[in-house]
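Visitor: Structure below; questions to follow.
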Amino acid sequence: MSPTLSGHLRRPPGPAGYPVVGCGPDLVRDLVGTFTRAWREYGDIVSFRLPGKRNLFLIVHPDHIKHVLDDRQPNYPKDPLSVGKFEPWVGQGLFTSNGDFHFRQRRLAQPAFKGSRISGFGPAMVDATSDLVRDWHGRATREETFDITPEMFRLALTIVMQTLFSTDVSSRAGELARAVRICNAYTNVRLQRFVELPQALPSRARSRFLRARATLDSFVYGLIAERRRDPAPPDDLLTRFLNAQDERTGERMSDKQLRDEVVTMFLGGYETTALSLVWAFSLLSRHPEAERKVRAEVAEVCGDREPAASDLPHLRYLRAFYQEVLRLYPSVWTLSRSPLEDDEIGGYHIPAGSQVFISPYLMHRHPGFWENPEGFRPERFEKSATGGAPLYAYIPFSRGPRLCPGSSVAVLEAPLVIARMLQDYRLSLAGGHVCEPTSNVFLYPRAGMPMRLQHFKSTGEGTA
């Protein structure tokens with residue numbers, strides 16, 4: 001875009017915020033709520049005033065999202081401000097890298113996520129869930145009420161380590177999970193700061209982060225070294241990464257690159273799936289008819305045996321249910337990009353260097369593209385992979401060249417976990433609990449998800 005043309009374009013509408021600090025305090029206090037209120041008041045392109053000359057824009061329209069994620073994707077790399085706050089934790093993995101390096105890494109990693117290979121992870125996913133089912137037996141007998149969030153995190157960690165890295169972490173699961181939570185919490189606090197403190201300055205939070213990262217690095221580098229020495233390594237994601245070779249250059253991943261991709265799998269394949277399961281069980285509790293339909297379908301397809309990956313094509317309602325979960329509660333609820341050059345979106349000027357936020361959470365609630373957008377209706381996905389909405393109106397795993405390569409793992413794992421859990425248990429929300437998302441790196445429930453656990457057959461609704 002020429003400077004002359006950009007001078008004639010307007011700035012998008014948006015809240016003025018407070019003197020000097022603009023909208024900064026509102027965005028720090030409640031990013032989900034501030035974005036939601038501004039979108040509803042100002043429309044599909046919103047500008048937020050920040051301290052100094054920084055520009056922040058929110059876009060909530062499939063055409064504009066396609067423009068950023070696909071049509072002009074080279075002009076919109078990942079936002080360096082956000083990436084810079086993730087890099088101390090995840091390094092230069094697929095989640096943070098940009099440009100040629102990202103696409104080289106993607107070429108190396110993509111074959112590991114092919115459908116035929118991913119389906120082979122199904123038995124390990126079901127076995128890990130069955131272990132949790134057995135662990136919960138006493139709790140179900142006592143009909144305990146507890147927050148299922150850490151339990152889903154423990155399950156997801158076990159699955160990601162067993163399926164992707166063929167490693168049993170049962171003895172260290174608590175330690176590793178705590179380390180991941182500390183790293184993510186530290187990153188989240190940094191993401192919400194609009195004035196960043198120098199990283200060289202000592203602080204208690206930074207010291208905790210460095211210790212947690214060292215714990216994970218020791219584990220991951222040890223895993224890599226052990227795998228390099230293994231004469232007959234298992235066919236898992238780590239082995240596939242080790243064997244991946246760039247067709248153009250013959251290069252393979254270094255230990256540092258392998259470390260960054262393994263940690264990226266922690267970030268993308270563990271926390272996001274765990275959170276989607278938390279929201280899924282809350283929705284089943286809030287919508288008894290959907291729970292009844294899922295149970296009936298699982299019983300019809302699987303009978304008394306455990307579910308398998310080969311069952312998923314026949315579990316149509318369950319898959320539609322999970323797609324609706326991802327519509328209402330996408331784990332990655334915002335994406336940020338930063339244009340290298342001035343651009344125009346929807347007739348508005350978007351200056352180079354701006355922060356441009358895309359929110360799947362809001363896009364999935366747009367009344368212009370979704371019928372009953374706030375309503376829970378899995379049936380919308382039974383006949384359409386996008387629920388009848390335009391392609392870029394349904395973006396739980398992003399879209400375009402940076403579509404999440406691990407999405408195939410999530411859509412295999414979560415339905416299998418749900419199906420296996422429902423064969424034995426019913427989870428009911430604690431009375432009076434309000435399911436509300438909170439601003440975080442991912443979409444967490446604000447007050448956890450306390451649920452009462454019961455043996456399903458003891459409710460009198462199961463089949464003998």
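Residue numbering restarts at 1 in every chain; chains get A, B, ... in the order shown in the structure tokens, and ligands count up from 1 in that same order.
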Within 9 Å of A:Ser130, counting only C-alpha atoms, which residues show up once you throw out same-chain ones fewer than 3 positions away? Write them as a VMD selection string, please.
Guide: chain A and resid 125 to 127 133 to 135 306 417 420 to 421
Visitor: Each residue of stretch 140-226 of chain A lying at most 7 Å from stretch 252-271 of chain A should get a row with its shortest atom-to-atom pair and the distance in Å to one decimal, counting only C-alpha atoms; could you produce that, ordered by chain and increasing number, as a tab-separated table?
Guide:
```
residue	atom	partner	partner_atom	distance
A:Phe153	CA	A:Glu271	CA	6.6
A:Ala156	CA	A:Tyr270	CA	5.3
A:Leu157	CA	A:Tyr270	CA	5.6
A:Val160	CA	A:Tyr270	CA	6.3
A:Val220	CA	A:Arg259	CA	6.3
A:Tyr221	CA	A:Arg259	CA	6.6
```
Visitor: Just the selected residues (C-alpha atoms), exported as a PDB file, in the first residue's frame, please.
Guide:
```pdb
ATOM      1  CA  PHE A 153      -4.121 -32.221  32.579  1.00  0.00           C
ATOM      2  CA  ALA A 156      -3.382 -35.378  28.633  1.00  0.00           C
ATOM      3  CA  LEU A 157       0.245 -35.322  29.803  1.00  0.00           C
ATOM      4  CA  VAL A 160       1.113 -36.968  24.929  1.00  0.00           C
ATOM      5  CA  VAL A 220      13.666 -33.437  27.232  1.00  0.00           C
ATOM      6  CA  TYR A 221      17.392 -33.437  26.418  1.00  0.00           C
TER       7      TYR A 221
END
```
Visitor: With only C-alpha atoms as the atoms that count, which of A:Trp89, A:Glu344, A:Phe369, A:Ala185 lies nearest to A:Leu210?
Guide: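 The shortest atom-to-atom distance to A:Leu210 comes from A:Trp89.
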Visitor: Give me the residues within 9 Å of stretch 242-245 of chain A as a PDB file with N, CA, C and O atoms, in the first residue's frame, counting only C-alpha atoms and dropping any in the same chain fewer than 4 places off.
Guide:
```
ATOM      1  N   ARG A 107       7.947 -28.558   7.080  1.00  0.00           N
ATOM      2  CA  ARG A 107       8.167 -29.638   6.110  1.00  0.00           C
ATOM      3  C   ARG A 107       8.731 -30.876   6.796  1.00  0.00           C
ATOM      4  O   ARG A 107       8.391 -32.005   6.439  1.00  0.00           O
ATOM      5  N   LEU A 108       9.604 -30.647   7.789  1.00  0.00           N
ATOM      6  CA  LEU A 108      10.192 -31.773   8.490  1.00  0.00           C
ATOM      7  C   LEU A 108       9.176 -32.472   9.397  1.00  0.00           C
ATOM      8  O   LEU A 108       9.187 -33.695   9.543  1.00  0.00           O
ATOM      9  N   ALA A 109       8.308 -31.677  10.012  1.00  0.00           N
ATOM     10  CA  ALA A 109       7.384 -32.228  11.002  1.00  0.00           C
ATOM     11  C   ALA A 109       6.112 -32.797  10.392  1.00  0.00           C
ATOM     12  O   ALA A 109       5.534 -33.748  10.922  1.00  0.00           O
ATOM     13  N   PRO A 111       5.089 -34.780   7.935  1.00  0.00           N
ATOM     14  CA  PRO A 111       4.835 -36.213   7.690  1.00  0.00           C
ATOM     15  C   PRO A 111       4.527 -37.000   8.955  1.00  0.00           C
ATOM     16  O   PRO A 111       3.846 -38.024   8.903  1.00  0.00           O
ATOM     17  N   ALA A 112       5.021 -36.528  10.109  1.00  0.00           N
ATOM     18  CA  ALA A 112       4.769 -37.248  11.355  1.00  0.00           C
ATOM     19  C   ALA A 112       3.315 -37.185  11.777  1.00  0.00           C
ATOM     20  O   ALA A 112       2.877 -37.970  12.624  1.00  0.00           O
ATOM     21  N   ILE A 224      15.995 -37.063  24.335  1.00  0.00           N
ATOM     22  CA  ILE A 224      16.604 -37.008  22.998  1.00  0.00           C
ATOM     23  C   ILE A 224      17.880 -37.845  22.957  1.00  0.00           C
ATOM     24  O   ILE A 224      18.112 -38.630  22.017  1.00  0.00           O
ATOM     25  N   ARG A 227      17.131 -41.510  22.971  1.00  0.00           N
ATOM     26  CA  ARG A 227      16.575 -41.957  21.695  1.00  0.00           C
ATOM     27  C   ARG A 227      17.657 -42.049  20.623  1.00  0.00           C
ATOM     28  O   ARG A 227      17.642 -42.968  19.791  1.00  0.00           O
ATOM     29  N   ARG A 228      18.609 -41.145  20.629  1.00  0.00           N
ATOM     30  CA  ARG A 228      19.694 -41.206  19.631  1.00  0.00           C
ATOM     31  C   ARG A 228      20.543 -42.462  19.827  1.00  0.00           C
ATOM     32  O   ARG A 228      21.129 -42.978  18.866  1.00  0.00           O
ATOM     33  N   LEU A 237       6.489 -39.905  17.573  1.00  0.00           N
ATOM     34  CA  LEU A 237       6.739 -38.586  16.995  1.00  0.00           C
ATOM     35  C   LEU A 237       8.197 -38.173  17.144  1.00  0.00           C
ATOM     36  O   LEU A 237       8.781 -37.594  16.219  1.00  0.00           O
ATOM     37  N   LEU A 238       8.812 -38.474  18.274  1.00  0.00           N
ATOM     38  CA  LEU A 238      10.212 -38.086  18.461  1.00  0.00           C
ATOM     39  C   LEU A 238      11.115 -38.793  17.460  1.00  0.00           C
ATOM     40  O   LEU A 238      11.998 -38.172  16.854  1.00  0.00           O
ATOM     41  N   THR A 249      17.751 -29.905   1.257  1.00  0.00           N
ATOM     42  CA  THR A 249      19.116 -29.691   1.752  1.00  0.00           C
ATOM     43  C   THR A 249      19.730 -30.926   2.398  1.00  0.00           C
ATOM     44  O   THR A 249      20.950 -30.974   2.598  1.00  0.00           O
ATOM     45  N   GLY A 250      18.898 -31.901   2.751  1.00  0.00           N
ATOM     46  CA  GLY A 250      19.406 -33.065   3.464  1.00  0.00           C
ATOM     47  C   GLY A 250      19.604 -32.836   4.949  1.00  0.00           C
ATOM     48  O   GLY A 250      20.040 -33.737   5.670  1.00  0.00           O
ATOM     49  N   GLU A 251      19.280 -31.651   5.433  1.00  0.00           N
ATOM     50  CA  GLU A 251      19.488 -31.326   6.846  1.00  0.00           C
ATOM     51  C   GLU A 251      18.503 -32.073   7.744  1.00  0.00           C
ATOM     52  O   GLU A 251      17.390 -32.369   7.345  1.00  0.00           O
ATOM     53  N   ARG A 252      18.962 -32.333   8.968  1.00  0.00           N
ATOM     54  CA  ARG A 252      18.115 -32.889   9.996  1.00  0.00           C
ATOM     55  C   ARG A 252      18.052 -31.909  11.166  1.00  0.00           C
ATOM     56  O   ARG A 252      18.815 -30.948  11.235  1.00  0.00           O
ATOM     57  N   MET A 253      17.148 -32.161  12.105  1.00  0.00           N
ATOM     58  CA  MET A 253      17.011 -31.266  13.243  1.00  0.00           C
ATOM     59  C   MET A 253      18.160 -31.451  14.232  1.00  0.00           C
ATOM     60  O   MET A 253      18.571 -32.569  14.525  1.00  0.00           O
ATOM     61  N   SER A 254      18.665 -30.339  14.743  1.00  0.00           N
ATOM     62  CA  SER A 254      19.656 -30.379  15.815  1.00  0.00           C
ATOM     63  C   SER A 254      18.956 -30.727  17.133  1.00  0.00           C
ATOM     64  O   SER A 254      17.722 -30.722  17.223  1.00  0.00           O
ATOM     65  N   LEU A 258      15.101 -30.076  18.128  1.00  0.00           N
ATOM     66  CA  LEU A 258      14.265 -31.158  18.653  1.00  0.00           C
ATOM     67  C   LEU A 258      13.680 -30.777  20.010  1.00  0.00           C
ATOM     68  O   LEU A 258      12.497 -31.000  20.271  1.00  0.00           O
TER      69      LEU A 258
END
```
Visitor: Name all residues at most 12 Å from A:Ala290 (count only C-alpha atoms; drop same-chain ones fewer than 5 positions away) and give them as JSON, numbers by chain.
Guide: {"A": [280, 281, 282, 283, 284, 285, 295, 296, 297, 317, 318, 319, 320, 321, 322, 324, 325, 376, 377, 378, 379]}
Visitor: Tell me, as a ChimeraX atom specification, which residues lie within 9 Å of A:Gly346, counting only C-alpha atoms; anything in the same chain fewer than 4 positions away does not count.
Guide: /A:45,63-64
Visitor: Export, as an mmCIF file, in the first residue's frame, the selected residues with N, CA and C atoms.
Guide:
```cif
data_model
loop_
_atom_site.group_PDB
_atom_site.id
_atom_site.type_symbol
_atom_site.label_atom_id
_atom_site.label_comp_id
_atom_site.auth_asym_id
_atom_site.auth_seq_id
_atom_site.Cartn_x
_atom_site.Cartn_y
_atom_site.Cartn_z
ATOM 1 N N ILE A 45 -14.098 -4.736 13.037
ATOM 2 C CA ILE A 45 -12.712 -4.260 13.131
ATOM 3 C C ILE A 45 -12.687 -3.195 14.215
ATOM 4 N N ASP A 63 -13.788 -12.886 6.081
ATOM 5 C CA ASP A 63 -13.046 -12.334 4.943
ATOM 6 C C ASP A 63 -11.746 -11.682 5.400
ATOM 7 N N HIS A 64 -11.818 -10.956 6.502
ATOM 8 C CA HIS A 64 -10.631 -10.274 7.010
ATOM 9 C C HIS A 64 -9.638 -11.273 7.610
#
```
Visitor: Quick one: of A:Arg154, A:Arg337, A:Arg305, A:Arg240, who's nearest to A:Leu58, counting only C-alpha atoms?
Guide: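 Of the candidates, the smallest distance to A:Leu58 is held by A:Arg337.
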Visitor: Kindly assemble as CSV a list of the stretch 300-382 of chain A residues that lie within 10 Å of stretch 78-86 of chain A, each paired with its nearest atom pair and their distance in Å to one decimal, using only C-alpha atoms, sorted first by chain and then by ascending residue number.
Guide:
```
residue,atom,partner,partner_atom,distance
A:Leu335,CA,A:Lys78,CA,8.4
A:Ser336,CA,A:Asp79,CA,5.6
A:Arg337,CA,A:Asp79,CA,4.3
A:Ser338,CA,A:Asp79,CA,4.6
A:Pro339,CA,A:Asp79,CA,8.2
A:Leu340,CA,A:Asp79,CA,9.9
A:Gly353,CA,A:Asp79,CA,8.4
A:Ser354,CA,A:Asp79,CA,8.4
A:Gln355,CA,A:Asp79,CA,6.4
A:Val356,CA,A:Asp79,CA,7.9
A:Phe357,CA,A:Asp79,CA,9.1
```
Visitor: Between atom CA of A:Ala212 and atom CA of A:Ala225, what is the distance, to one decimal in Å?
Guide: 20.1 Å
Visitor: Residues within 10 Å of A:Pro74, please, as JSON, numbers by chain. Count only C-alpha atoms; anything in the same chain fewer than 5 positions from it doesn't count.
Guide: {"A": [68, 69, 98, 99, 339, 340, 401]}
Visitor: Rounded to one decimal in Å, what is the spacing between atom CA of A:Ser310 and atom CA of A:Ser398?
Guide: 26.2 Å
Visitor: Determine, counting only C-alpha atoms, which protein, DNA and RNA residues have an atom within 12 Å of an atom of stretch 33-37 of chain A; residues of the same chain fewer than 3 positions away are not included. Present the result as an MDAnalysis selection string.
Guide: chainID A and resid 14:15 17 23:30 40:48 56:60 333:334 357:366 436:439
